[in-house]
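Single-structure report; data block below.
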Amino acid sequence: MSRGKVLVTGVTGLIGFRVLVDVLEAGYAARAVVRSTKRFETQARHPLLRHFIADGRLECTDIPDFSALNAWDDALEGITFIMHIAWPLLLPTLDPEIDIYEPAVRGSDSLLEAALKTPTLKRIIFTSSIMATMPYTNREGESYGPESHVRALDEDIKENCNLGVSVPMQYNDAVPIARKHFPEAFERGLLLPGEQPSEAVVWNASATEAMLDMKFKGFEEMVVDVVSQYLELLSAETLA
Ligand SMILES: NC(=O)c1ccc[n+]([C@@H]2O[C@H](COP(=O)([O-])OP(=O)(O)OC[C@H]3O[C@@H](n4cnc5c(N)ncnc54)[C@H](OP(=O)(O)O)[C@@H]3O)[C@@H](O)[C@H]2O)c1
């Protein structure tokens with residue numbers, strides 16, 4: 001039996017897609033909200049998702065402008081939880097005021113107004129970056145645990161609080177880790193060492209780990225995951 005229906009935004013993005021998969025695998029039904037259903041077509045065909053669409057546990061709806069008046073009313077019907085993960089990310093090509101802050105603030109306002117009119121709703125989770133909680137100069141180092149979103153739906157988790165997910169790391173540390181685990185890929189020239197200078201983020205996530213009763217993956221494990229996936233895709237591409 002379904003544990004309730006979760007509205008998930010940002011599913012065409014990196015974090016939202018993974019969270020959507022985790023939500024469904026954890027036994028919830030989901031409604032994915034996208035700006036255009038056309039943009040969701042590739043994800044909908046993904047092996048991790050397509051059977052959830054076939055069995056009716058995943059549906060998709062579009063809201064072209066998240067900040068439009070009453071934009072969310074229909075999308076929130078029958079929803080138990082909201083995971084708002086869609087945010088415009090800072091890109092040098094975007095105007096900070098017009099393309100980032102305004103849509104983020106107005107879109108969230110509009111969502112929250114609709115949430116107040118949704119009697120079935122129990123909890124809202126907003127995703128942000130821990131960078132939002134610290135001085136801009138102290139950047140880099142955040143990591144992410146999509147599964148922490150799912151855990152945060154449980155009723156025993158405190159409401160109205162910030163849950164920060166992070167492990168210590170520097171991007172350049174990825175190179176020796178990759179060398180240690182994939183020496184052959186370096187020898188064959190499939191992996192090349194590079195430089196990505198970064199500063200360490202000082203964020204203690206142990207309180208979040210204790211609250212969610214989870215242990216976040218370390219940087220080494222993440223690097224191995226990402227490089228394995230890259231090499232797998234590269235090999236599939238070569239064979240194709
Ligand atoms: N990636 C990370 O390592 C990381 C780490 C820590 C925290 N986070 C946080 O996680 C959240 C999502 O990040 P991400 O990396 O998944 O970003 P992403 O891959 O760039 O995806 C952004 C998502 O937001 C949607 N979006 C962007 N602008 C929008 C707008 N104006 N109106 C409606 N939807 C919009 C995009 O939809 P379209 O396809 O329609 O453009 C896409 O689904 C952000 O709050 C970010 O700060 C990410």
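The way I read the labels, and the way they are meant: chains A, B, ... in the order of the structure tokens, residue 1 as the first residue of every chain, and ligand 1 as the first ligand shown, with later ones counted on from there.
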
(request) Using only C-alpha atoms, determine which residues lie at most 10 Å from Glu113 of chain A, disregarding the query and same-chain residues fewer than 3 positions distant; provide the list as a PyMOL selection string. (result) chain A and resi 69-70+72-73+108-110+116-118

Sorted by chain and rising residue number, list the residues of chain A at most 9 Å from ligand 1 (counting only C-alpha atoms and all ligand atoms), each with its closest atom pair and distance in Å to one decimal, as JSON lines.
```
{"residue": "A:Thr9", "atom": "CA", "partner": "ligand 1", "partner_atom_place_in_ligand_line": "43 (O)", "distance": 6.7}
{"residue": "A:Gly10", "atom": "CA", "partner": "ligand 1", "partner_atom_place_in_ligand_line": "43 (O)", "distance": 3.2}
{"residue": "A:Val11", "atom": "CA", "partner": "ligand 1", "partner_atom_place_in_ligand_line": "43 (O)", "distance": 4.9}
{"residue": "A:Thr12", "atom": "CA", "partner": "ligand 1", "partner_atom_place_in_ligand_line": "43 (O)", "distance": 3.9}
{"residue": "A:Gly13", "atom": "CA", "partner": "ligand 1", "partner_atom_place_in_ligand_line": "21 (O)", "distance": 3.3}
{"residue": "A:Leu14", "atom": "CA", "partner": "ligand 1", "partner_atom_place_in_ligand_line": "16 (O)", "distance": 3.8}
{"residue": "A:Ile15", "atom": "CA", "partner": "ligand 1", "partner_atom_place_in_ligand_line": "16 (O)", "distance": 3.6}
{"residue": "A:Gly16", "atom": "CA", "partner": "ligand 1", "partner_atom_place_in_ligand_line": "16 (O)", "distance": 5.4}
{"residue": "A:Phe17", "atom": "CA", "partner": "ligand 1", "partner_atom_place_in_ligand_line": "16 (O)", "distance": 7.6}
{"residue": "A:Arg18", "atom": "CA", "partner": "ligand 1", "partner_atom_place_in_ligand_line": "16 (O)", "distance": 8.7}
{"residue": "A:Val33", "atom": "CA", "partner": "ligand 1", "partner_atom_place_in_ligand_line": "34 (N)", "distance": 8.8}
{"residue": "A:Val34", "atom": "CA", "partner": "ligand 1", "partner_atom_place_in_ligand_line": "40 (O)", "distance": 6.0}
{"residue": "A:Arg35", "atom": "CA", "partner": "ligand 1", "partner_atom_place_in_ligand_line": "40 (O)", "distance": 4.8}
{"residue": "A:Ser36", "atom": "CA", "partner": "ligand 1", "partner_atom_place_in_ligand_line": "40 (O)", "distance": 6.6}
{"residue": "A:Arg39", "atom": "CA", "partner": "ligand 1", "partner_atom_place_in_ligand_line": "39 (O)", "distance": 6.3}
{"residue": "A:Phe40", "atom": "CA", "partner": "ligand 1", "partner_atom_place_in_ligand_line": "39 (O)", "distance": 7.8}
{"residue": "A:Ile63", "atom": "CA", "partner": "ligand 1", "partner_atom_place_in_ligand_line": "33 (C)", "distance": 8.2}
{"residue": "A:Pro64", "atom": "CA", "partner": "ligand 1", "partner_atom_place_in_ligand_line": "33 (C)", "distance": 7.7}
{"residue": "A:Asp65", "atom": "CA", "partner": "ligand 1", "partner_atom_place_in_ligand_line": "32 (N)", "distance": 6.5}
{"residue": "A:Phe66", "atom": "CA", "partner": "ligand 1", "partner_atom_place_in_ligand_line": "32 (N)", "distance": 5.7}
{"residue": "A:Ser67", "atom": "CA", "partner": "ligand 1", "partner_atom_place_in_ligand_line": "32 (N)", "distance": 8.0}
{"residue": "A:His84", "atom": "CA", "partner": "ligand 1", "partner_atom_place_in_ligand_line": "45 (O)", "distance": 8.4}
{"residue": "A:Ile85", "atom": "CA", "partner": "ligand 1", "partner_atom_place_in_ligand_line": "11 (C)", "distance": 4.9}
{"residue": "A:Ala86", "atom": "CA", "partner": "ligand 1", "partner_atom_place_in_ligand_line": "24 (O)", "distance": 3.3}
{"residue": "A:Trp87", "atom": "CA", "partner": "ligand 1", "partner_atom_place_in_ligand_line": "24 (O)", "distance": 4.4}
{"residue": "A:Pro88", "atom": "CA", "partner": "ligand 1", "partner_atom_place_in_ligand_line": "28 (N)", "distance": 3.5}
{"residue": "A:Leu89", "atom": "CA", "partner": "ligand 1", "partner_atom_place_in_ligand_line": "20 (O)", "distance": 5.7}
{"residue": "A:Leu90", "atom": "CA", "partner": "ligand 1", "partner_atom_place_in_ligand_line": "20 (O)", "distance": 8.9}
{"residue": "A:Asp99", "atom": "CA", "partner": "ligand 1", "partner_atom_place_in_ligand_line": "31 (N)", "distance": 6.8}
{"residue": "A:Ile100", "atom": "CA", "partner": "ligand 1", "partner_atom_place_in_ligand_line": "31 (N)", "distance": 7.0}
{"residue": "A:Glu102", "atom": "CA", "partner": "ligand 1", "partner_atom_place_in_ligand_line": "31 (N)", "distance": 8.5}
{"residue": "A:Pro103", "atom": "CA", "partner": "ligand 1", "partner_atom_place_in_ligand_line": "31 (N)", "distance": 5.1}
{"residue": "A:Ala104", "atom": "CA", "partner": "ligand 1", "partner_atom_place_in_ligand_line": "31 (N)", "distance": 6.5}
{"residue": "A:Gly107", "atom": "CA", "partner": "ligand 1", "partner_atom_place_in_ligand_line": "32 (N)", "distance": 7.1}
{"residue": "A:Phe126", "atom": "CA", "partner": "ligand 1", "partner_atom_place_in_ligand_line": "45 (O)", "distance": 7.8}
{"residue": "A:Thr127", "atom": "CA", "partner": "ligand 1", "partner_atom_place_in_ligand_line": "45 (O)", "distance": 4.8}
{"residue": "A:Ser128", "atom": "CA", "partner": "ligand 1", "partner_atom_place_in_ligand_line": "45 (O)", "distance": 3.7}
{"residue": "A:Ser129", "atom": "CA", "partner": "ligand 1", "partner_atom_place_in_ligand_line": "7 (C)", "distance": 3.9}
{"residue": "A:Ile130", "atom": "CA", "partner": "ligand 1", "partner_atom_place_in_ligand_line": "6 (C)", "distance": 6.7}
{"residue": "A:Met131", "atom": "CA", "partner": "ligand 1", "partner_atom_place_in_ligand_line": "47 (O)", "distance": 8.1}
{"residue": "A:Ala132", "atom": "CA", "partner": "ligand 1", "partner_atom_place_in_ligand_line": "47 (O)", "distance": 8.3}
{"residue": "A:Glu142", "atom": "CA", "partner": "ligand 1", "partner_atom_place_in_ligand_line": "6 (C)", "distance": 6.0}
{"residue": "A:Ser143", "atom": "CA", "partner": "ligand 1", "partner_atom_place_in_ligand_line": "5 (C)", "distance": 5.8}
{"residue": "A:Tyr144", "atom": "CA", "partner": "ligand 1", "partner_atom_place_in_ligand_line": "5 (C)", "distance": 5.5}
{"residue": "A:Gly145", "atom": "CA", "partner": "ligand 1", "partner_atom_place_in_ligand_line": "5 (C)", "distance": 8.9}
{"residue": "A:Val165", "atom": "CA", "partner": "ligand 1", "partner_atom_place_in_ligand_line": "6 (C)", "distance": 7.9}
{"residue": "A:Ser166", "atom": "CA", "partner": "ligand 1", "partner_atom_place_in_ligand_line": "6 (C)", "distance": 8.4}
```

(request) Give me every alpha helix (DSSP H) residue in segment 5-221 of chain A, going by DSSP on the backbone, as an NGL selection string. (result) :A and (14-25 or 41-44 or 50-54 or 102-116 or 146-151 or 174-181 or 183-187 or 206-212 or 219-221)

(request) For atom CA of Ala75 of chain A and atom CA of Ile53 of chain A, determine how far apart the two atoms are, in Å to one decimal place. (result)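 So the two atoms, atom CA of Ala75 of chain A and atom CA of Ile53 of chain A, lie 16.9 Å apart.
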
(request) Rank A:Glu41, A:Lys217, A:Arg3, A:Lys180 by their smallest atom-to-atom distance to Glu155 of chain A, using only C-alpha atoms, and report the top residue only. (result)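 Result for the nearest residue to Glu155 of chain A: A:Arg3.
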
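Between atom CA of Thr37 of chain A and atom CA of Asp62 of chain A the separation is 5.7 Å.
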
(message) Restricting the calculation to only C-alpha atoms: of A:Val8, A:Asn204, A:Ala115, A:Ala54, which residue gets closest to Ala32 of chain A?
(response)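 Checking each candidate against Ala32 of chain A, we get A:Val8 as the closest.
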
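Distance-wise, atom CA of Arg31 of chain A and atom CA of Ser148 of chain A end up 18.9 Å apart.
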
(request) Just the residues within 12 Å of Val224 of chain A, please, counting only C-alpha atoms, with nothing from its chain fewer than 3 positions along; format it as a list of chain:residue names. (result)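 In the requested format, the answer is A:Ala174, A:Val175, A:Pro176, A:Ile177, A:Ala178, A:Arg179, A:Lys180, A:His181, A:Phe182, A:Lys217, A:Gly218, A:Phe219, A:Glu220, A:Glu221, A:Val227, A:Ser228, A:Gln229, A:Tyr230, A:Leu231, A:Glu232.
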
Mind dumping the selected residues with N, CA and C atoms as a PDB file, in the first residue's frame?
```
ATOM      1  N   ALA A 174      39.920  14.100  -5.569  1.00  0.00           N
ATOM      2  CA  ALA A 174      39.297  13.052  -6.399  1.00  0.00           C
ATOM      3  C   ALA A 174      40.347  12.344  -7.265  1.00  0.00           C
ATOM      4  N   VAL A 175      41.403  13.072  -7.659  1.00  0.00           N
ATOM      5  CA  VAL A 175      42.372  12.475  -8.588  1.00  0.00           C
ATOM      6  C   VAL A 175      43.121  11.303  -7.939  1.00  0.00           C
ATOM      7  N   PRO A 176      43.768  11.493  -6.749  1.00  0.00           N
ATOM      8  CA  PRO A 176      44.432  10.318  -6.146  1.00  0.00           C
ATOM      9  C   PRO A 176      43.459   9.193  -5.799  1.00  0.00           C
ATOM     10  N   ILE A 177      42.257   9.542  -5.441  1.00  0.00           N
ATOM     11  CA  ILE A 177      41.272   8.479  -5.133  1.00  0.00           C
ATOM     12  C   ILE A 177      40.979   7.670  -6.404  1.00  0.00           C
ATOM     13  N   ALA A 178      40.752   8.384  -7.506  1.00  0.00           N
ATOM     14  CA  ALA A 178      40.463   7.691  -8.772  1.00  0.00           C
ATOM     15  C   ALA A 178      41.664   6.854  -9.205  1.00  0.00           C
ATOM     16  N   ARG A 179      42.868   7.400  -9.011  1.00  0.00           N
ATOM     17  CA  ARG A 179      44.087   6.647  -9.377  1.00  0.00           C
ATOM     18  C   ARG A 179      44.173   5.350  -8.577  1.00  0.00           C
ATOM     19  N   LYS A 180      43.833   5.440  -7.295  1.00  0.00           N
ATOM     20  CA  LYS A 180      43.926   4.264  -6.413  1.00  0.00           C
ATOM     21  C   LYS A 180      42.945   3.169  -6.865  1.00  0.00           C
ATOM     22  N   HIS A 181      41.744   3.573  -7.243  1.00  0.00           N
ATOM     23  CA  HIS A 181      40.719   2.573  -7.549  1.00  0.00           C
ATOM     24  C   HIS A 181      40.679   2.166  -9.023  1.00  0.00           C
ATOM     25  N   PHE A 182      41.157   3.038  -9.906  1.00  0.00           N
ATOM     26  CA  PHE A 182      41.054   2.750 -11.342  1.00  0.00           C
ATOM     27  C   PHE A 182      42.410   2.964 -12.040  1.00  0.00           C
ATOM     28  N   LYS A 217      27.612   8.981   2.938  1.00  0.00           N
ATOM     29  CA  LYS A 217      28.754   8.411   2.223  1.00  0.00           C
ATOM     30  C   LYS A 217      29.946   9.354   2.285  1.00  0.00           C
ATOM     31  N   GLY A 218      31.130   8.792   2.354  1.00  0.00           N
ATOM     32  CA  GLY A 218      32.333   9.622   2.333  1.00  0.00           C
ATOM     33  C   GLY A 218      32.686  10.025   0.906  1.00  0.00           C
ATOM     34  N   PHE A 219      33.621  10.959   0.793  1.00  0.00           N
ATOM     35  CA  PHE A 219      34.000  11.466  -0.531  1.00  0.00           C
ATOM     36  C   PHE A 219      34.581  10.353  -1.405  1.00  0.00           C
ATOM     37  N   GLU A 220      35.397   9.474  -0.778  1.00  0.00           N
ATOM     38  CA  GLU A 220      36.020   8.393  -1.561  1.00  0.00           C
ATOM     39  C   GLU A 220      34.951   7.514  -2.221  1.00  0.00           C
ATOM     40  N   GLU A 221      33.937   7.165  -1.450  1.00  0.00           N
ATOM     41  CA  GLU A 221      32.868   6.311  -1.986  1.00  0.00           C
ATOM     42  C   GLU A 221      32.136   7.021  -3.137  1.00  0.00           C
ATOM     43  N   VAL A 227      32.996   7.695 -10.892  1.00  0.00           N
ATOM     44  CA  VAL A 227      33.950   7.239 -11.913  1.00  0.00           C
ATOM     45  C   VAL A 227      33.480   5.900 -12.495  1.00  0.00           C
ATOM     46  N   SER A 228      32.964   5.009 -11.648  1.00  0.00           N
ATOM     47  CA  SER A 228      32.460   3.715 -12.155  1.00  0.00           C
ATOM     48  C   SER A 228      31.367   3.959 -13.186  1.00  0.00           C
ATOM     49  N   GLN A 229      30.477   4.877 -12.859  1.00  0.00           N
ATOM     50  CA  GLN A 229      29.369   5.140 -13.790  1.00  0.00           C
ATOM     51  C   GLN A 229      29.897   5.728 -15.100  1.00  0.00           C
ATOM     52  N   TYR A 230      30.870   6.620 -14.976  1.00  0.00           N
ATOM     53  CA  TYR A 230      31.455   7.225 -16.178  1.00  0.00           C
ATOM     54  C   TYR A 230      32.081   6.149 -17.070  1.00  0.00           C
ATOM     55  N   LEU A 231      32.859   5.256 -16.441  1.00  0.00           N
ATOM     56  CA  LEU A 231      33.541   4.224 -17.232  1.00  0.00           C
ATOM     57  C   LEU A 231      32.538   3.247 -17.844  1.00  0.00           C
ATOM     58  N   GLU A 232      31.473   2.983 -17.110  1.00  0.00           N
ATOM     59  CA  GLU A 232      30.431   2.083 -17.630  1.00  0.00           C
ATOM     60  C   GLU A 232      29.775   2.699 -18.878  1.00  0.00           C
TER      61      GLU A 232
END
```

(request) Would you please work out which residue, of A:Lys5, A:His51, A:Arg45, A:Arg57, is nearest to Leu76 of chain A when using only C-alpha atoms? (result)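 Closest candidate: A:Lys5.
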
(message) I need the residue nearest Val105 of chain A from this list: A:Phe52, A:Thr120, A:Leu7, A:Ala68. Use only C-alpha atoms for the distance.
(response) A:Ala68
